[in-house]
$ cat my_file27.cif   # mmCIF, N, CA and C atoms
data_structure
loop_
_atom_site.label_atom_id
_atom_site.label_comp_id
_atom_site.auth_asym_id
_atom_site.auth_seq_id
_atom_site.Cartn_x
_atom_site.Cartn_y
_atom_site.Cartn_z
N MET A 1 4.29 -4.44 14.23
CA MET A 1 5.31 -4.39 13.20
C MET A 1 5.22 -3.06 12.48
N ASN A 2 6.31 -2.65 11.91
CA ASN A 2 6.37 -1.41 11.15
C ASN A 2 5.78 -1.67 9.76
N ILE A 3 4.73 -0.92 9.42
CA ILE A 3 4.05 -1.13 8.14
C ILE A 3 4.98 -0.87 6.96
N HIS A 4 5.91 0.05 7.13
CA HIS A 4 6.80 0.37 6.02
C HIS A 4 7.79 -0.76 5.72
N SER A 5 8.18 -1.52 6.74
CA SER A 5 9.06 -2.66 6.48
C SER A 5 8.34 -3.71 5.65
N VAL A 6 7.04 -3.85 5.86
CA VAL A 6 6.24 -4.77 5.03
C VAL A 6 6.11 -4.22 3.61
N LEU A 7 5.83 -2.93 3.51
CA LEU A 7 5.67 -2.32 2.18
C LEU A 7 6.95 -2.36 1.37
N GLU A 8 8.08 -2.33 2.02
CA GLU A 8 9.35 -2.38 1.30
C GLU A 8 9.59 -3.73 0.63
N LYS A 9 8.86 -4.74 1.03
CA LYS A 9 8.99 -6.05 0.38
C LYS A 9 8.27 -6.07 -0.97
N ILE A 10 7.33 -5.16 -1.17
CA ILE A 10 6.51 -5.16 -2.37
C ILE A 10 7.33 -4.94 -3.65
N PRO A 11 8.21 -3.93 -3.72
CA PRO A 11 8.97 -3.76 -4.97
C PRO A 11 9.76 -4.99 -5.39
N ALA A 12 10.22 -5.77 -4.44
CA ALA A 12 10.95 -7.00 -4.78
C ALA A 12 10.03 -7.99 -5.47
N PHE A 13 8.75 -8.00 -5.07
CA PHE A 13 7.80 -8.91 -5.70
C PHE A 13 7.34 -8.40 -7.06
N VAL A 14 7.47 -7.10 -7.31
CA VAL A 14 7.03 -6.54 -8.58
C VAL A 14 7.75 -7.23 -9.73
N ASN A 15 9.05 -7.42 -9.60
CA ASN A 15 9.80 -8.09 -10.66
C ASN A 15 9.35 -9.52 -10.86
N SER A 16 9.00 -10.21 -9.78
CA SER A 16 8.57 -11.60 -9.91
C SER A 16 7.21 -11.71 -10.58
N LEU A 17 6.41 -10.65 -10.56
CA LEU A 17 5.10 -10.66 -11.22
C LEU A 17 5.16 -10.09 -12.63
N ASP A 18 6.36 -9.78 -13.11
CA ASP A 18 6.55 -9.19 -14.43
C ASP A 18 5.76 -7.89 -14.57
N LEU A 19 5.88 -7.04 -13.55
CA LEU A 19 5.26 -5.72 -13.60
C LEU A 19 6.29 -4.69 -14.03
N THR A 20 7.11 -5.08 -15.00
CA THR A 20 8.24 -4.26 -15.38
C THR A 20 7.85 -3.00 -16.12
N ASN A 21 6.60 -2.89 -16.58
CA ASN A 21 6.23 -1.69 -17.33
C ASN A 21 5.82 -0.54 -16.41
N ILE A 22 5.88 -0.73 -15.10
CA ILE A 22 5.52 0.35 -14.18
C ILE A 22 6.67 0.60 -13.21
N SER A 23 6.73 1.82 -12.72
CA SER A 23 7.68 2.12 -11.66
C SER A 23 6.88 2.33 -10.38
N VAL A 24 7.44 1.92 -9.27
CA VAL A 24 6.78 2.03 -7.98
C VAL A 24 7.48 3.13 -7.18
N GLU A 25 6.69 4.14 -6.79
CA GLU A 25 7.21 5.22 -5.96
C GLU A 25 6.59 5.12 -4.58
N ARG A 26 7.24 5.75 -3.60
CA ARG A 26 6.77 5.67 -2.22
C ARG A 26 6.64 7.07 -1.62
N ASP A 27 5.61 7.25 -0.82
CA ASP A 27 5.41 8.47 -0.04
C ASP A 27 4.93 8.03 1.34
N TYR A 28 5.88 7.78 2.24
CA TYR A 28 5.57 7.20 3.55
C TYR A 28 5.46 8.28 4.62
N ASP A 29 4.53 8.09 5.53
CA ASP A 29 4.37 8.94 6.71
C ASP A 29 5.18 8.31 7.84
N PRO A 30 6.28 8.92 8.25
CA PRO A 30 7.12 8.30 9.28
C PRO A 30 6.50 8.31 10.68
N SER A 31 5.38 9.00 10.86
CA SER A 31 4.77 9.07 12.19
C SER A 31 3.87 7.87 12.50
N ILE A 32 3.70 6.96 11.55
CA ILE A 32 2.83 5.80 11.79
C ILE A 32 3.47 4.89 12.83
N PRO A 33 2.73 4.60 13.91
CA PRO A 33 3.28 3.71 14.94
C PRO A 33 3.23 2.26 14.49
N GLU A 34 3.79 1.39 15.30
CA GLU A 34 3.73 -0.05 15.03
C GLU A 34 2.26 -0.48 14.93
N VAL A 35 1.99 -1.44 14.03
CA VAL A 35 0.62 -1.94 13.84
C VAL A 35 0.61 -3.46 13.93
N ARG A 36 -0.56 -4.00 14.24
CA ARG A 36 -0.76 -5.45 14.22
C ARG A 36 -1.39 -5.82 12.89
N ILE A 37 -0.66 -6.58 12.09
CA ILE A 37 -1.19 -7.00 10.79
C ILE A 37 -0.75 -8.43 10.50
N ASP A 38 -1.47 -9.03 9.57
CA ASP A 38 -1.06 -10.33 9.04
C ASP A 38 -0.15 -10.04 7.85
N ASN A 39 1.13 -10.23 8.03
CA ASN A 39 2.14 -9.91 7.03
C ASN A 39 1.81 -10.52 5.67
N ASP A 40 1.51 -11.80 5.62
CA ASP A 40 1.25 -12.48 4.35
C ASP A 40 -0.01 -11.96 3.68
N MET A 41 -1.05 -11.70 4.46
CA MET A 41 -2.30 -11.22 3.87
C MET A 41 -2.16 -9.82 3.30
N ILE A 42 -1.46 -8.94 3.99
CA ILE A 42 -1.29 -7.57 3.48
C ILE A 42 -0.44 -7.57 2.21
N ILE A 43 0.59 -8.41 2.18
CA ILE A 43 1.43 -8.50 0.97
C ILE A 43 0.60 -9.03 -0.19
N GLN A 44 -0.21 -10.06 0.04
CA GLN A 44 -1.03 -10.61 -1.04
C GLN A 44 -2.04 -9.59 -1.55
N ALA A 45 -2.68 -8.86 -0.64
CA ALA A 45 -3.65 -7.83 -1.04
C ALA A 45 -2.96 -6.75 -1.87
N LEU A 46 -1.80 -6.29 -1.41
CA LEU A 46 -1.09 -5.23 -2.14
C LEU A 46 -0.59 -5.71 -3.50
N LEU A 47 -0.16 -6.96 -3.58
CA LEU A 47 0.26 -7.50 -4.87
C LEU A 47 -0.91 -7.57 -5.84
N ASN A 48 -2.08 -7.94 -5.35
CA ASN A 48 -3.28 -7.97 -6.21
C ASN A 48 -3.60 -6.58 -6.73
N ILE A 49 -3.52 -5.59 -5.85
CA ILE A 49 -3.80 -4.21 -6.26
C ILE A 49 -2.75 -3.73 -7.26
N LEU A 50 -1.48 -4.06 -7.02
CA LEU A 50 -0.42 -3.68 -7.96
C LEU A 50 -0.61 -4.33 -9.32
N LYS A 51 -1.05 -5.57 -9.32
CA LYS A 51 -1.30 -6.26 -10.59
C LYS A 51 -2.43 -5.56 -11.35
N ASN A 52 -3.48 -5.17 -10.63
CA ASN A 52 -4.58 -4.42 -11.26
C ASN A 52 -4.07 -3.08 -11.81
N ALA A 53 -3.22 -2.41 -11.04
CA ALA A 53 -2.66 -1.13 -11.48
C ALA A 53 -1.82 -1.33 -12.73
N GLN A 54 -1.06 -2.41 -12.79
CA GLN A 54 -0.23 -2.70 -13.95
C GLN A 54 -1.09 -2.90 -15.19
N GLU A 55 -2.23 -3.57 -15.02
CA GLU A 55 -3.12 -3.82 -16.15
C GLU A 55 -3.77 -2.53 -16.65
N ALA A 56 -3.96 -1.55 -15.77
CA ALA A 56 -4.60 -0.29 -16.13
C ALA A 56 -3.61 0.78 -16.57
N THR A 57 -2.32 0.53 -16.37
CA THR A 57 -1.30 1.54 -16.62
C THR A 57 -0.59 1.25 -17.93
N LEU A 58 -0.38 2.30 -18.70
CA LEU A 58 0.35 2.17 -19.95
C LEU A 58 1.83 1.95 -19.68
N GLU A 59 2.55 1.53 -20.71
CA GLU A 59 4.00 1.32 -20.60
C GLU A 59 4.65 2.57 -20.01
N GLY A 60 5.49 2.35 -19.01
CA GLY A 60 6.18 3.47 -18.38
C GLY A 60 5.37 4.20 -17.32
N GLY A 61 4.25 3.63 -16.91
CA GLY A 61 3.40 4.27 -15.91
C GLY A 61 4.00 4.21 -14.52
N THR A 62 3.31 4.89 -13.61
CA THR A 62 3.80 4.98 -12.23
C THR A 62 2.71 4.58 -11.26
N VAL A 63 3.12 3.86 -10.22
CA VAL A 63 2.23 3.52 -9.11
C VAL A 63 2.85 4.11 -7.85
N LEU A 64 2.04 4.80 -7.08
CA LEU A 64 2.49 5.42 -5.84
C LEU A 64 1.91 4.66 -4.65
N ILE A 65 2.78 4.24 -3.73
CA ILE A 65 2.34 3.64 -2.46
C ILE A 65 2.48 4.73 -1.41
N LYS A 66 1.35 5.13 -0.82
CA LYS A 66 1.32 6.27 0.10
C LYS A 66 0.72 5.83 1.43
N THR A 67 1.37 6.21 2.52
CA THR A 67 0.84 5.90 3.85
C THR A 67 0.57 7.20 4.60
N ARG A 68 -0.49 7.16 5.40
CA ARG A 68 -0.85 8.29 6.24
C ARG A 68 -1.54 7.79 7.49
N VAL A 69 -1.55 8.64 8.51
CA VAL A 69 -2.30 8.39 9.73
C VAL A 69 -3.62 9.13 9.61
N GLU A 70 -4.70 8.48 9.95
CA GLU A 70 -6.02 9.12 10.01
C GLU A 70 -6.52 9.03 11.43
N ARG A 71 -7.09 10.09 11.92
CA ARG A 71 -7.64 10.13 13.28
C ARG A 71 -9.16 10.15 13.22
N ASN A 72 -9.77 9.51 14.22
CA ASN A 72 -11.23 9.46 14.32
C ASN A 72 -11.86 8.97 13.02
N TYR A 73 -11.46 7.79 12.61
CA TYR A 73 -11.89 7.20 11.34
C TYR A 73 -12.91 6.10 11.63
N THR A 74 -13.98 6.06 10.85
CA THR A 74 -15.04 5.09 11.05
C THR A 74 -14.95 3.98 10.00
N ILE A 75 -14.96 2.74 10.48
CA ILE A 75 -14.98 1.56 9.62
C ILE A 75 -16.13 0.68 10.10
N SER A 76 -17.08 0.42 9.22
CA SER A 76 -18.24 -0.42 9.56
C SER A 76 -18.91 0.03 10.86
N SER A 77 -19.19 1.31 10.94
CA SER A 77 -19.89 1.92 12.09
C SER A 77 -19.08 1.93 13.38
N ILE A 78 -17.83 1.56 13.33
CA ILE A 78 -16.97 1.60 14.51
C ILE A 78 -15.95 2.72 14.32
N ARG A 79 -15.88 3.63 15.28
CA ARG A 79 -14.94 4.75 15.20
C ARG A 79 -13.63 4.35 15.89
N TYR A 80 -12.55 4.56 15.17
CA TYR A 80 -11.21 4.29 15.68
C TYR A 80 -10.49 5.62 15.89
N ASN A 81 -9.77 5.73 16.99
CA ASN A 81 -9.04 6.95 17.28
C ASN A 81 -7.90 7.17 16.30
N LEU A 82 -7.27 6.07 15.87
CA LEU A 82 -6.10 6.18 15.01
C LEU A 82 -6.05 4.97 14.07
N VAL A 83 -5.90 5.23 12.78
CA VAL A 83 -5.74 4.14 11.81
C VAL A 83 -4.59 4.47 10.87
N ALA A 84 -4.00 3.45 10.31
CA ALA A 84 -2.97 3.62 9.28
C ALA A 84 -3.63 3.39 7.93
N MET A 85 -3.48 4.34 7.03
CA MET A 85 -4.05 4.24 5.69
C MET A 85 -2.94 3.94 4.70
N ILE A 86 -3.21 3.01 3.79
CA ILE A 86 -2.31 2.72 2.68
C ILE A 86 -3.09 3.00 1.41
N ASP A 87 -2.60 3.92 0.61
CA ASP A 87 -3.21 4.23 -0.70
C ASP A 87 -2.29 3.73 -1.79
N ILE A 88 -2.89 3.09 -2.80
CA ILE A 88 -2.18 2.68 -4.00
C ILE A 88 -2.77 3.51 -5.14
N ILE A 89 -1.96 4.38 -5.71
CA ILE A 89 -2.44 5.32 -6.71
C ILE A 89 -1.69 5.08 -8.01
N ASP A 90 -2.43 4.83 -9.09
CA ASP A 90 -1.76 4.64 -10.39
C ASP A 90 -2.18 5.75 -11.34
N ASP A 91 -1.42 5.92 -12.39
CA ASP A 91 -1.75 6.94 -13.38
C ASP A 91 -2.35 6.32 -14.64
N GLY A 92 -2.95 5.14 -14.48
CA GLY A 92 -3.56 4.45 -15.59
C GLY A 92 -4.97 4.92 -15.88
N ILE A 93 -5.57 4.32 -16.87
CA ILE A 93 -6.94 4.65 -17.25
C ILE A 93 -7.92 3.98 -16.31
N GLY A 94 -9.07 4.56 -16.15
CA GLY A 94 -10.13 3.95 -15.33
C GLY A 94 -9.96 4.10 -13.85
#
$ encode --input "my_file27.cif" --output "structure tokens"
Amino acid sequence: MNIHSVLEKIPAFVNSLDLTNISVERDYDPSIPEVRIDNDMIIQALLNILKNAQEATLEGGTVLIKTRVERNYTISSIRYNLVAMIDIIDDGIG
């Protein structure tokens, strides 16, 4: 599945979580190939991170959802040739 189609569902959930004091910006890498993910689990994880960002961000703050491709990346001692990275960056304290 395309990771960006999953990420595009997140802003719709922002309103349902009353995260109205933050704006969500996107910086997507269009070169990311299709990935195998659990749609519901990734959405839940991202919503949890967004909720944490909302708590750390002052009124009118910004959260950036950024995707990139990383090559030769190691996770738990296993090297992967290609991984998709999702960064959630807020301008809040802490």
$ select_by_dssp --input "my_file27.cif" --residues "chain A" --states "strand (DSSP E or B)" --output "PyMOL selection string"
chain A and resi 22-27+61-75+78-90
$ resolve_selection --input "my_file27.cif" --expression "the PyMOL selection byres ((chain A and resi 86-93) around 8)" --output "list in words"
Ile49, Leu50, Ala53, Gln54, Glu55, Ala56, Thr57, Leu58, Gly61, Thr62, Val63, Leu64, Ile65, Lys66, Thr67, Arg68, Val69, Val83, Ala84, Met85 and Gly94 of chain A
$ atom_distance --input "my_file27.cif" --atom1 "atom C of Ile22 of chain A" --atom2 "atom N of Glu8 of chain A"
15.6 Å
$ atom_distance --input "my_file27.cif" --atom1 "atom C of Pro33 of chain A" --atom2 "atom N of Ile3 of chain A"
6.2 Å
$ select_by_dssp --input "my_file27.cif" --residues "segment 21-55 of chain A" --states "alpha helix (DSSP H)" --output "ChimeraX atom specification"
/A:39-55
$ axis_aligned_box --input "my_file27.cif" --around "segment 42-52 of chain A" --padding-each-side "3 Å" --output "lines of an AutoDock Vina configuration file"
center_x = -1.6
center_y = -6.8
center_z = -3.9
size_x = 12.0
size_y = 13.5
size_z = 21.8
$ atom_distance --input "my_file27.cif" --atom1 "atom CA of Asn81 of chain A" --atom2 "atom CA of Leu47 of chain A"
28.0 Å
$ residues_around --input "my_file27.cif" --residues "Asn2 of chain A" --least-positions-apart "3" --cutoff "7 Å" --atoms "all atoms listed in the file" --output "number ranges by chain"
A: 5-7, 33-35
$ closest_residue --input "my_file27.cif" --among "A:Gly60, A:Ser31, A:Tyr73, A:Ile10" --to "Ile43 of chain A" --atoms "only C-alpha atoms"
A:Ile10
